[in-house]
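What's in upload_6.cif: mmCIF, N, CA and C atoms
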```
data_model
#
loop_
_atom_site.label_atom_id
_atom_site.label_comp_id
_atom_site.auth_asym_id
_atom_site.auth_seq_id
_atom_site.Cartn_x
_atom_site.Cartn_y
_atom_site.Cartn_z
N MET H 1 7.83 -7.55 15.15
CA MET H 1 9.02 -6.75 15.04
C MET H 1 8.66 -5.47 14.29
N ARG H 2 9.18 -4.39 14.75
CA ARG H 2 8.98 -3.11 14.07
C ARG H 2 9.88 -3.04 12.85
N ALA H 3 9.36 -2.53 11.77
CA ALA H 3 10.15 -2.38 10.55
C ALA H 3 11.12 -1.21 10.73
N GLN H 4 12.23 -1.24 9.99
CA GLN H 4 13.29 -0.25 10.16
C GLN H 4 13.26 0.87 9.13
N ASN H 5 12.39 0.80 8.14
CA ASN H 5 12.37 1.82 7.09
C ASN H 5 12.25 3.21 7.69
N THR H 6 13.06 4.14 7.18
CA THR H 6 13.01 5.50 7.69
C THR H 6 12.21 6.42 6.77
N GLN H 7 12.15 6.11 5.50
CA GLN H 7 11.39 6.90 4.54
C GLN H 7 10.33 6.02 3.89
N PRO H 8 9.08 6.43 3.92
CA PRO H 8 8.06 5.61 3.26
C PRO H 8 8.21 5.68 1.73
N PHE H 9 7.80 4.60 1.08
CA PHE H 9 7.72 4.57 -0.37
C PHE H 9 6.60 5.53 -0.79
N VAL H 10 6.79 6.27 -1.89
CA VAL H 10 5.76 7.18 -2.38
C VAL H 10 5.48 6.90 -3.85
N HIS H 11 4.20 6.72 -4.15
CA HIS H 11 3.72 6.47 -5.51
C HIS H 11 2.90 7.67 -5.97
N ARG H 12 3.15 8.16 -7.18
CA ARG H 12 2.38 9.27 -7.74
C ARG H 12 1.25 8.73 -8.59
N SER H 13 0.11 9.38 -8.49
CA SER H 13 -1.05 8.99 -9.30
C SER H 13 -1.89 10.22 -9.59
N ARG H 14 -2.73 10.11 -10.58
CA ARG H 14 -3.62 11.21 -10.97
C ARG H 14 -5.05 10.76 -10.74
N VAL H 15 -5.93 11.70 -10.39
CA VAL H 15 -7.36 11.40 -10.27
C VAL H 15 -7.99 11.54 -11.65
N TYR H 16 -8.61 10.46 -12.10
CA TYR H 16 -9.30 10.43 -13.38
C TYR H 16 -10.80 10.51 -13.17
N TYR H 17 -11.49 10.80 -14.25
CA TYR H 17 -12.95 10.93 -14.20
C TYR H 17 -13.60 9.69 -13.57
N GLU H 18 -13.09 8.51 -13.93
CA GLU H 18 -13.66 7.26 -13.41
C GLU H 18 -13.52 7.11 -11.90
N ASP H 19 -12.62 7.90 -11.28
CA ASP H 19 -12.40 7.83 -9.83
C ASP H 19 -13.38 8.70 -9.04
N THR H 20 -14.14 9.53 -9.74
CA THR H 20 -14.95 10.53 -9.05
C THR H 20 -16.44 10.21 -9.09
N ASP H 21 -17.14 10.90 -8.21
CA ASP H 21 -18.60 10.81 -8.21
C ASP H 21 -19.16 11.92 -9.11
N ALA H 22 -20.46 12.11 -9.09
CA ALA H 22 -21.11 13.10 -9.95
C ALA H 22 -20.63 14.52 -9.66
N GLY H 23 -20.13 14.76 -8.46
CA GLY H 23 -19.66 16.09 -8.09
C GLY H 23 -18.18 16.33 -8.39
N GLY H 24 -17.51 15.35 -9.00
CA GLY H 24 -16.10 15.52 -9.33
C GLY H 24 -15.16 15.26 -8.16
N ILE H 25 -15.69 14.65 -7.09
CA ILE H 25 -14.90 14.34 -5.89
C ILE H 25 -14.63 12.84 -5.89
N VAL H 26 -13.42 12.46 -5.47
CA VAL H 26 -13.06 11.05 -5.45
C VAL H 26 -14.02 10.29 -4.54
N TYR H 27 -14.58 9.22 -5.08
CA TYR H 27 -15.48 8.34 -4.34
C TYR H 27 -14.66 7.64 -3.26
N TYR H 28 -15.19 7.54 -2.06
CA TYR H 28 -14.41 7.13 -0.88
C TYR H 28 -13.67 5.80 -1.05
N VAL H 29 -14.28 4.82 -1.69
CA VAL H 29 -13.64 3.52 -1.81
C VAL H 29 -12.41 3.57 -2.74
N ASN H 30 -12.34 4.55 -3.60
CA ASN H 30 -11.21 4.64 -4.52
C ASN H 30 -9.91 5.01 -3.81
N TYR H 31 -9.99 5.62 -2.63
CA TYR H 31 -8.78 5.87 -1.85
C TYR H 31 -8.12 4.53 -1.49
N LEU H 32 -8.94 3.51 -1.21
CA LEU H 32 -8.41 2.18 -0.89
C LEU H 32 -7.70 1.59 -2.11
N LYS H 33 -8.26 1.83 -3.29
CA LYS H 33 -7.61 1.37 -4.53
C LYS H 33 -6.26 2.06 -4.73
N PHE H 34 -6.21 3.36 -4.49
CA PHE H 34 -4.96 4.10 -4.63
C PHE H 34 -3.90 3.52 -3.68
N MET H 35 -4.32 3.22 -2.44
CA MET H 35 -3.38 2.68 -1.46
C MET H 35 -2.92 1.27 -1.84
N GLU H 36 -3.83 0.48 -2.39
CA GLU H 36 -3.46 -0.86 -2.86
C GLU H 36 -2.39 -0.76 -3.96
N ARG H 37 -2.57 0.16 -4.87
CA ARG H 37 -1.59 0.34 -5.95
C ARG H 37 -0.24 0.75 -5.39
N ALA H 38 -0.24 1.61 -4.38
CA ALA H 38 1.03 2.03 -3.78
C ALA H 38 1.73 0.86 -3.10
N ARG H 39 0.98 -0.02 -2.43
CA ARG H 39 1.60 -1.20 -1.81
C ARG H 39 2.18 -2.12 -2.88
N THR H 40 1.46 -2.28 -3.98
CA THR H 40 1.95 -3.12 -5.08
C THR H 40 3.22 -2.53 -5.68
N GLU H 41 3.25 -1.23 -5.89
CA GLU H 41 4.43 -0.57 -6.45
C GLU H 41 5.59 -0.60 -5.46
N CYS H 42 5.30 -0.56 -4.18
CA CYS H 42 6.33 -0.68 -3.15
C CYS H 42 7.01 -2.04 -3.27
N LEU H 43 6.21 -3.09 -3.40
CA LEU H 43 6.76 -4.44 -3.60
C LEU H 43 7.63 -4.49 -4.85
N ARG H 44 7.12 -3.90 -5.93
CA ARG H 44 7.86 -3.89 -7.20
C ARG H 44 9.19 -3.16 -7.03
N GLU H 45 9.18 -2.05 -6.32
CA GLU H 45 10.41 -1.27 -6.06
C GLU H 45 11.44 -2.11 -5.29
N LEU H 46 10.95 -3.00 -4.42
CA LEU H 46 11.83 -3.88 -3.66
C LEU H 46 12.31 -5.08 -4.48
N GLY H 47 11.78 -5.21 -5.72
CA GLY H 47 12.20 -6.28 -6.60
C GLY H 47 11.29 -7.49 -6.63
N PHE H 48 10.06 -7.33 -6.15
CA PHE H 48 9.12 -8.45 -6.07
C PHE H 48 7.81 -8.08 -6.76
N ALA H 49 7.59 -8.61 -7.96
CA ALA H 49 6.34 -8.37 -8.67
C ALA H 49 5.28 -9.34 -8.15
N GLN H 50 4.03 -8.87 -8.08
CA GLN H 50 2.94 -9.73 -7.61
C GLN H 50 2.83 -10.99 -8.46
N SER H 51 3.01 -10.88 -9.77
CA SER H 51 2.91 -12.05 -10.65
C SER H 51 4.00 -13.07 -10.34
N GLN H 52 5.18 -12.61 -10.02
CA GLN H 52 6.29 -13.49 -9.64
C GLN H 52 5.96 -14.22 -8.34
N LEU H 53 5.43 -13.49 -7.36
CA LEU H 53 5.12 -14.09 -6.07
C LEU H 53 4.01 -15.13 -6.20
N ALA H 54 3.00 -14.85 -7.02
CA ALA H 54 1.91 -15.82 -7.22
C ALA H 54 2.47 -17.10 -7.83
N GLY H 55 3.45 -16.97 -8.70
CA GLY H 55 4.09 -18.14 -9.29
C GLY H 55 4.88 -18.95 -8.28
N GLU H 56 5.22 -18.32 -7.17
CA GLU H 56 5.93 -19.00 -6.08
C GLU H 56 4.96 -19.42 -4.98
N ASN H 57 3.65 -19.48 -5.34
CA ASN H 57 2.60 -19.92 -4.42
C ASN H 57 2.45 -18.99 -3.22
N LEU H 58 2.63 -17.70 -3.45
CA LEU H 58 2.55 -16.70 -2.39
C LEU H 58 1.63 -15.56 -2.82
N LEU H 59 0.72 -15.20 -1.95
CA LEU H 59 -0.13 -14.03 -2.16
C LEU H 59 -0.11 -13.19 -0.90
N PHE H 60 -0.29 -11.89 -1.07
CA PHE H 60 -0.55 -11.00 0.05
C PHE H 60 -2.02 -10.61 -0.04
N VAL H 61 -2.75 -10.78 1.04
CA VAL H 61 -4.17 -10.44 1.07
C VAL H 61 -4.44 -9.48 2.23
N VAL H 62 -5.40 -8.61 2.05
CA VAL H 62 -5.77 -7.67 3.10
C VAL H 62 -6.59 -8.41 4.15
N HIS H 63 -6.10 -8.36 5.37
CA HIS H 63 -6.81 -8.94 6.51
C HIS H 63 -7.76 -7.90 7.09
N SER H 64 -7.27 -6.68 7.27
CA SER H 64 -8.11 -5.62 7.80
C SER H 64 -7.61 -4.27 7.30
N ALA H 65 -8.54 -3.34 7.22
CA ALA H 65 -8.24 -2.00 6.70
C ALA H 65 -8.90 -0.95 7.57
N GLU H 66 -8.20 0.13 7.76
CA GLU H 66 -8.73 1.28 8.51
C GLU H 66 -8.39 2.53 7.71
N ALA H 67 -9.37 3.37 7.49
CA ALA H 67 -9.12 4.60 6.73
C ALA H 67 -9.81 5.78 7.41
N ARG H 68 -9.13 6.92 7.38
CA ARG H 68 -9.69 8.18 7.88
C ARG H 68 -9.58 9.21 6.76
N TYR H 69 -10.67 9.88 6.51
CA TYR H 69 -10.75 10.85 5.42
C TYR H 69 -10.70 12.26 6.00
N HIS H 70 -9.82 13.09 5.43
CA HIS H 70 -9.62 14.44 5.96
C HIS H 70 -10.10 15.53 5.01
N ALA H 71 -9.85 15.35 3.73
CA ALA H 71 -10.21 16.36 2.73
C ALA H 71 -10.40 15.64 1.39
N PRO H 72 -11.21 16.20 0.51
CA PRO H 72 -11.47 15.50 -0.75
C PRO H 72 -10.39 15.72 -1.81
N ALA H 73 -10.17 14.68 -2.58
CA ALA H 73 -9.38 14.82 -3.82
C ALA H 73 -10.39 15.04 -4.94
N ARG H 74 -9.97 15.76 -5.95
CA ARG H 74 -10.86 16.11 -7.05
C ARG H 74 -10.26 15.71 -8.39
N LEU H 75 -11.11 15.71 -9.38
CA LEU H 75 -10.71 15.40 -10.74
C LEU H 75 -9.44 16.15 -11.11
N ASP H 76 -8.47 15.43 -11.70
CA ASP H 76 -7.19 15.94 -12.18
C ASP H 76 -6.15 16.22 -11.10
N ASP H 77 -6.49 16.08 -9.82
CA ASP H 77 -5.47 16.24 -8.77
C ASP H 77 -4.38 15.20 -8.97
N GLU H 78 -3.15 15.60 -8.73
CA GLU H 78 -2.05 14.64 -8.65
C GLU H 78 -1.90 14.26 -7.19
N LEU H 79 -1.77 12.97 -6.92
CA LEU H 79 -1.71 12.47 -5.56
C LEU H 79 -0.36 11.84 -5.26
N LEU H 80 0.06 11.96 -4.02
CA LEU H 80 1.24 11.27 -3.51
C LEU H 80 0.74 10.26 -2.50
N ILE H 81 0.94 8.97 -2.78
CA ILE H 81 0.41 7.92 -1.92
C ILE H 81 1.59 7.18 -1.31
N SER H 82 1.71 7.27 0.02
CA SER H 82 2.82 6.63 0.70
C SER H 82 2.43 5.25 1.20
N ALA H 83 3.45 4.41 1.35
CA ALA H 83 3.27 3.06 1.90
C ALA H 83 4.50 2.77 2.76
N GLU H 84 4.26 2.58 4.04
CA GLU H 84 5.35 2.36 4.98
C GLU H 84 5.04 1.14 5.84
N VAL H 85 5.95 0.18 5.86
CA VAL H 85 5.79 -0.99 6.72
C VAL H 85 6.15 -0.58 8.14
N ILE H 86 5.19 -0.71 9.05
CA ILE H 86 5.44 -0.32 10.44
C ILE H 86 5.51 -1.51 11.39
N GLU H 87 5.11 -2.68 10.90
CA GLU H 87 5.17 -3.88 11.72
C GLU H 87 5.38 -5.08 10.79
N LEU H 88 6.31 -5.93 11.17
CA LEU H 88 6.65 -7.09 10.35
C LEU H 88 6.62 -8.32 11.24
N ASN H 89 5.69 -9.21 10.96
CA ASN H 89 5.53 -10.44 11.73
C ASN H 89 5.86 -11.64 10.87
N ARG H 90 5.76 -12.84 11.41
CA ARG H 90 6.11 -14.07 10.70
C ARG H 90 5.32 -14.21 9.40
N ALA H 91 4.00 -13.99 9.45
CA ALA H 91 3.14 -14.22 8.28
C ALA H 91 2.26 -13.01 7.96
N SER H 92 2.63 -11.85 8.46
CA SER H 92 1.84 -10.64 8.17
C SER H 92 2.71 -9.40 8.33
N LEU H 93 2.20 -8.31 7.77
CA LEU H 93 2.85 -7.02 7.94
C LEU H 93 1.78 -5.95 7.98
N ARG H 94 2.11 -4.85 8.64
CA ARG H 94 1.17 -3.74 8.76
C ARG H 94 1.78 -2.54 8.04
N PHE H 95 0.96 -1.96 7.15
CA PHE H 95 1.35 -0.75 6.44
C PHE H 95 0.62 0.45 7.03
N ARG H 96 1.33 1.57 7.14
CA ARG H 96 0.71 2.87 7.39
C ARG H 96 0.78 3.60 6.06
N GLN H 97 -0.34 4.19 5.65
CA GLN H 97 -0.38 4.87 4.36
C GLN H 97 -1.06 6.23 4.47
N GLN H 98 -0.61 7.13 3.62
CA GLN H 98 -1.22 8.46 3.51
C GLN H 98 -1.39 8.80 2.04
N ILE H 99 -2.43 9.59 1.78
CA ILE H 99 -2.62 10.17 0.45
C ILE H 99 -2.62 11.67 0.63
N ARG H 100 -1.73 12.32 -0.09
CA ARG H 100 -1.61 13.79 -0.05
C ARG H 100 -1.77 14.34 -1.46
N ARG H 101 -2.31 15.55 -1.53
CA ARG H 101 -2.39 16.24 -2.82
C ARG H 101 -1.01 16.80 -3.11
N ALA H 102 -0.46 16.51 -4.28
CA ALA H 102 0.91 16.92 -4.62
C ALA H 102 1.06 18.44 -4.65
N ALA H 103 0.04 19.15 -5.11
CA ALA H 103 0.15 20.61 -5.29
C ALA H 103 0.40 21.36 -3.99
N ASP H 104 -0.20 20.90 -2.88
CA ASP H 104 -0.07 21.64 -1.62
C ASP H 104 0.26 20.75 -0.42
N ASN H 105 0.48 19.47 -0.65
CA ASN H 105 0.85 18.50 0.39
C ASN H 105 -0.22 18.31 1.47
N VAL H 106 -1.45 18.67 1.17
CA VAL H 106 -2.55 18.51 2.14
C VAL H 106 -2.86 17.02 2.30
N LEU H 107 -2.99 16.59 3.55
CA LEU H 107 -3.35 15.20 3.85
C LEU H 107 -4.83 15.01 3.53
N LEU H 108 -5.11 14.06 2.62
CA LEU H 108 -6.48 13.79 2.20
C LEU H 108 -7.06 12.57 2.91
N CYS H 109 -6.24 11.54 3.04
CA CYS H 109 -6.71 10.28 3.62
C CYS H 109 -5.50 9.56 4.22
N GLU H 110 -5.73 8.84 5.32
CA GLU H 110 -4.67 8.02 5.90
C GLU H 110 -5.28 6.73 6.41
N GLY H 111 -4.44 5.71 6.50
CA GLY H 111 -4.96 4.44 6.97
C GLY H 111 -3.88 3.47 7.34
N GLN H 112 -4.32 2.36 7.93
CA GLN H 112 -3.45 1.25 8.24
C GLN H 112 -4.07 -0.02 7.70
N PHE H 113 -3.21 -0.92 7.22
CA PHE H 113 -3.66 -2.15 6.59
C PHE H 113 -2.84 -3.31 7.13
N LEU H 114 -3.52 -4.32 7.63
CA LEU H 114 -2.86 -5.55 8.03
C LEU H 114 -2.92 -6.49 6.84
N ILE H 115 -1.75 -6.89 6.35
CA ILE H 115 -1.63 -7.71 5.15
C ILE H 115 -1.10 -9.08 5.56
N ALA H 116 -1.83 -10.13 5.17
CA ALA H 116 -1.43 -11.49 5.50
C ALA H 116 -0.73 -12.13 4.31
N CYS H 117 0.25 -12.95 4.61
CA CYS H 117 0.94 -13.74 3.59
C CYS H 117 0.30 -15.12 3.59
N VAL H 118 -0.19 -15.56 2.43
CA VAL H 118 -0.88 -16.85 2.33
C VAL H 118 -0.36 -17.64 1.14
N ARG H 119 -0.61 -18.95 1.19
CA ARG H 119 -0.32 -19.83 0.06
C ARG H 119 -1.38 -19.57 -1.02
N ALA H 120 -0.96 -19.41 -2.26
CA ALA H 120 -1.90 -19.13 -3.35
C ALA H 120 -2.83 -20.31 -3.59
N ASP H 121 -2.37 -21.54 -3.39
CA ASP H 121 -3.19 -22.71 -3.70
C ASP H 121 -4.24 -23.02 -2.65
N SER H 122 -4.01 -22.63 -1.39
CA SER H 122 -4.94 -22.98 -0.32
C SER H 122 -5.47 -21.79 0.48
N LEU H 123 -4.84 -20.63 0.30
CA LEU H 123 -5.13 -19.41 1.06
C LEU H 123 -4.87 -19.59 2.56
N LYS H 124 -4.04 -20.55 2.90
CA LYS H 124 -3.62 -20.77 4.29
C LYS H 124 -2.41 -19.89 4.58
N PRO H 125 -2.29 -19.40 5.83
CA PRO H 125 -1.13 -18.57 6.17
C PRO H 125 0.19 -19.28 5.90
N ARG H 126 1.17 -18.49 5.50
CA ARG H 126 2.53 -19.00 5.34
C ARG H 126 3.51 -17.93 5.76
N ALA H 127 4.68 -18.34 6.12
CA ALA H 127 5.71 -17.40 6.54
C ALA H 127 6.14 -16.52 5.36
N ILE H 128 6.41 -15.29 5.65
CA ILE H 128 6.96 -14.38 4.64
C ILE H 128 8.38 -14.88 4.34
N PRO H 129 8.71 -15.11 3.07
CA PRO H 129 10.06 -15.59 2.73
C PRO H 129 11.14 -14.63 3.24
N GLU H 130 12.27 -15.21 3.59
CA GLU H 130 13.35 -14.43 4.19
C GLU H 130 13.80 -13.26 3.31
N ALA H 131 13.86 -13.46 1.99
CA ALA H 131 14.28 -12.36 1.10
C ALA H 131 13.32 -11.18 1.20
N LEU H 132 12.03 -11.45 1.29
CA LEU H 132 11.03 -10.39 1.45
C LEU H 132 11.14 -9.75 2.83
N ARG H 133 11.32 -10.55 3.86
CA ARG H 133 11.45 -10.02 5.21
C ARG H 133 12.64 -9.06 5.28
N THR H 134 13.76 -9.47 4.68
CA THR H 134 14.95 -8.64 4.66
C THR H 134 14.68 -7.33 3.92
N ALA H 135 14.02 -7.42 2.78
CA ALA H 135 13.72 -6.22 1.99
C ALA H 135 12.80 -5.27 2.75
N PHE H 136 11.78 -5.81 3.42
CA PHE H 136 10.86 -4.96 4.19
C PHE H 136 11.54 -4.33 5.40
N ALA H 137 12.48 -5.04 6.00
CA ALA H 137 13.12 -4.56 7.23
C ALA H 137 14.27 -3.60 6.98
N ALA H 138 14.81 -3.58 5.76
CA ALA H 138 15.96 -2.73 5.45
C ALA H 138 15.56 -1.26 5.41
N PRO H 139 16.47 -0.40 5.85
CA PRO H 139 16.19 1.04 5.70
C PRO H 139 15.97 1.38 4.24
N ALA H 140 15.08 2.34 3.99
CA ALA H 140 14.76 2.75 2.61
C ALA H 140 16.03 3.14 1.87
N GLY H 141 16.09 2.73 0.60
CA GLY H 141 17.22 3.08 -0.23
C GLY H 141 18.36 2.07 -0.19
N GLU H 142 18.27 1.06 0.70
CA GLU H 142 19.34 0.05 0.77
C GLU H 142 18.98 -1.14 -0.07
#
```
Take the structure in this file and express it as structure tokens.
Amino acid sequence: MRAQNTQPFVHRSRVYYEDTDAGGIVYYVNYLKFMERARTECLRELGFAQSQLAGENLLFVVHSAEARYHAPARLDDELLISAEVIELNRASLRFRQQIRRAADNVLLCEGQFLIACVRADSLKPRAIPEALRTAFAAPAGE
């Protein structure tokens, strides 16, 4: 099922020294970390903390990731990292994400992530709980 959100969630972050290579440019794998944080904050915004979900024997794990790099982020840049659910299935969801530089809105990196819902105790697939499904499917701001 296609998700109904009309506006993606946006998380703000800053590039710190630890995120960069010797040239002051964000190391490529750190874009994945930024996107992971945005997905986590998206869940939190919907009222579901990762710690709460783990206590309910539920984890979200990355099944597959795709990233395309367009321009570098640099030390001290402020970033806007979006997270938008574009597909919602019984035990998985697909996010489309972008990272833009806040100062000029230039697209730096974009990607898609297939996220599986699993039992924390066995790592076996499980259905996404109805409350989460409803939250993911609702238009943004509802």
Review point. What do you get, as a ChimeraX atom specification, if you spell out every residue that the PyMOL selection byres ((chain H and resi 120-128) around 6) selects here?
Key: /H:57-59,90-92,117-119,129-130,132-133
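Distance annotation: of H:Arg100, H:Arg12, H:Lys33, H:Arg39, the residue with the minimal separation from Phe60 of chain H is H:Arg39; atom set is only C-alpha atoms.
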Practice item. Determine the nearest neighbour of Gly24 of chain H from the options H:Leu75, H:Val61, H:Cys42, H:Ile115, counting all atoms listed in the file. Key: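 The answer is H:Leu75, which sits nearest to Gly24 of chain H.
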Review point. Excluding same-chain residues fewer than 6 positions from Ala103 of chain H, what lies within 9 Å of it counting only C-alpha atoms, as a VMD selection string?
Key: chain H and resid 77 to 79
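Counting all atoms listed in the file, the residue from H:Leu88, H:Ser51, H:Cys109, H:Glu41 that sits nearest to His70 of chain H is H:Cys109.
Atom pair atom CA of Ala38 of chain H / atom N of Ala22 of chain H has a distance of 24.3 Å (rounded to one decimal).
Atom CA of Leu80 of chain H sits 8.9 Å away from atom CA of Arg14 of chain H.
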Check your understanding: When you draw a straight line from atom CA of Thr134 of chain H to atom CA of Gly111 of chain H, how long is it in Å?
Key -> 23.9 Å
Check your understanding: Pick from H:Ser82, H:Gln52, H:Thr40, H:Asn105: nearest to His11 of chain H, with only N, CA and C atoms counted?
Key -> H:Ser82
Exercise for review: Report as a ChimeraX atom specification the residues that result from applying the PyMOL selection byres (((chain H and resi 20 and name CA) around 12) and name CA) to the structure here.
Suggested key: /H:14-19,21-31,72-77
**Study point:** Among listed residues H:Ile86, H:Ile81, H:Ala135, H:Leu93, nearest Glu36 of chain H (using only C-alpha atoms)
**Key:** H:Ile81
Box for segment 10-27 of chain H: with edges along x, y and z, all listed atoms inside and 5 Å added on each side, what are the centre and edge lengths in Å to one decimal, as AutoDock Vina command-line options?
```
--center_x -7.2 --center_y 11.3 --center_z -8.1 --size_x 37.9 --size_y 20.1 --size_z 22.4
```
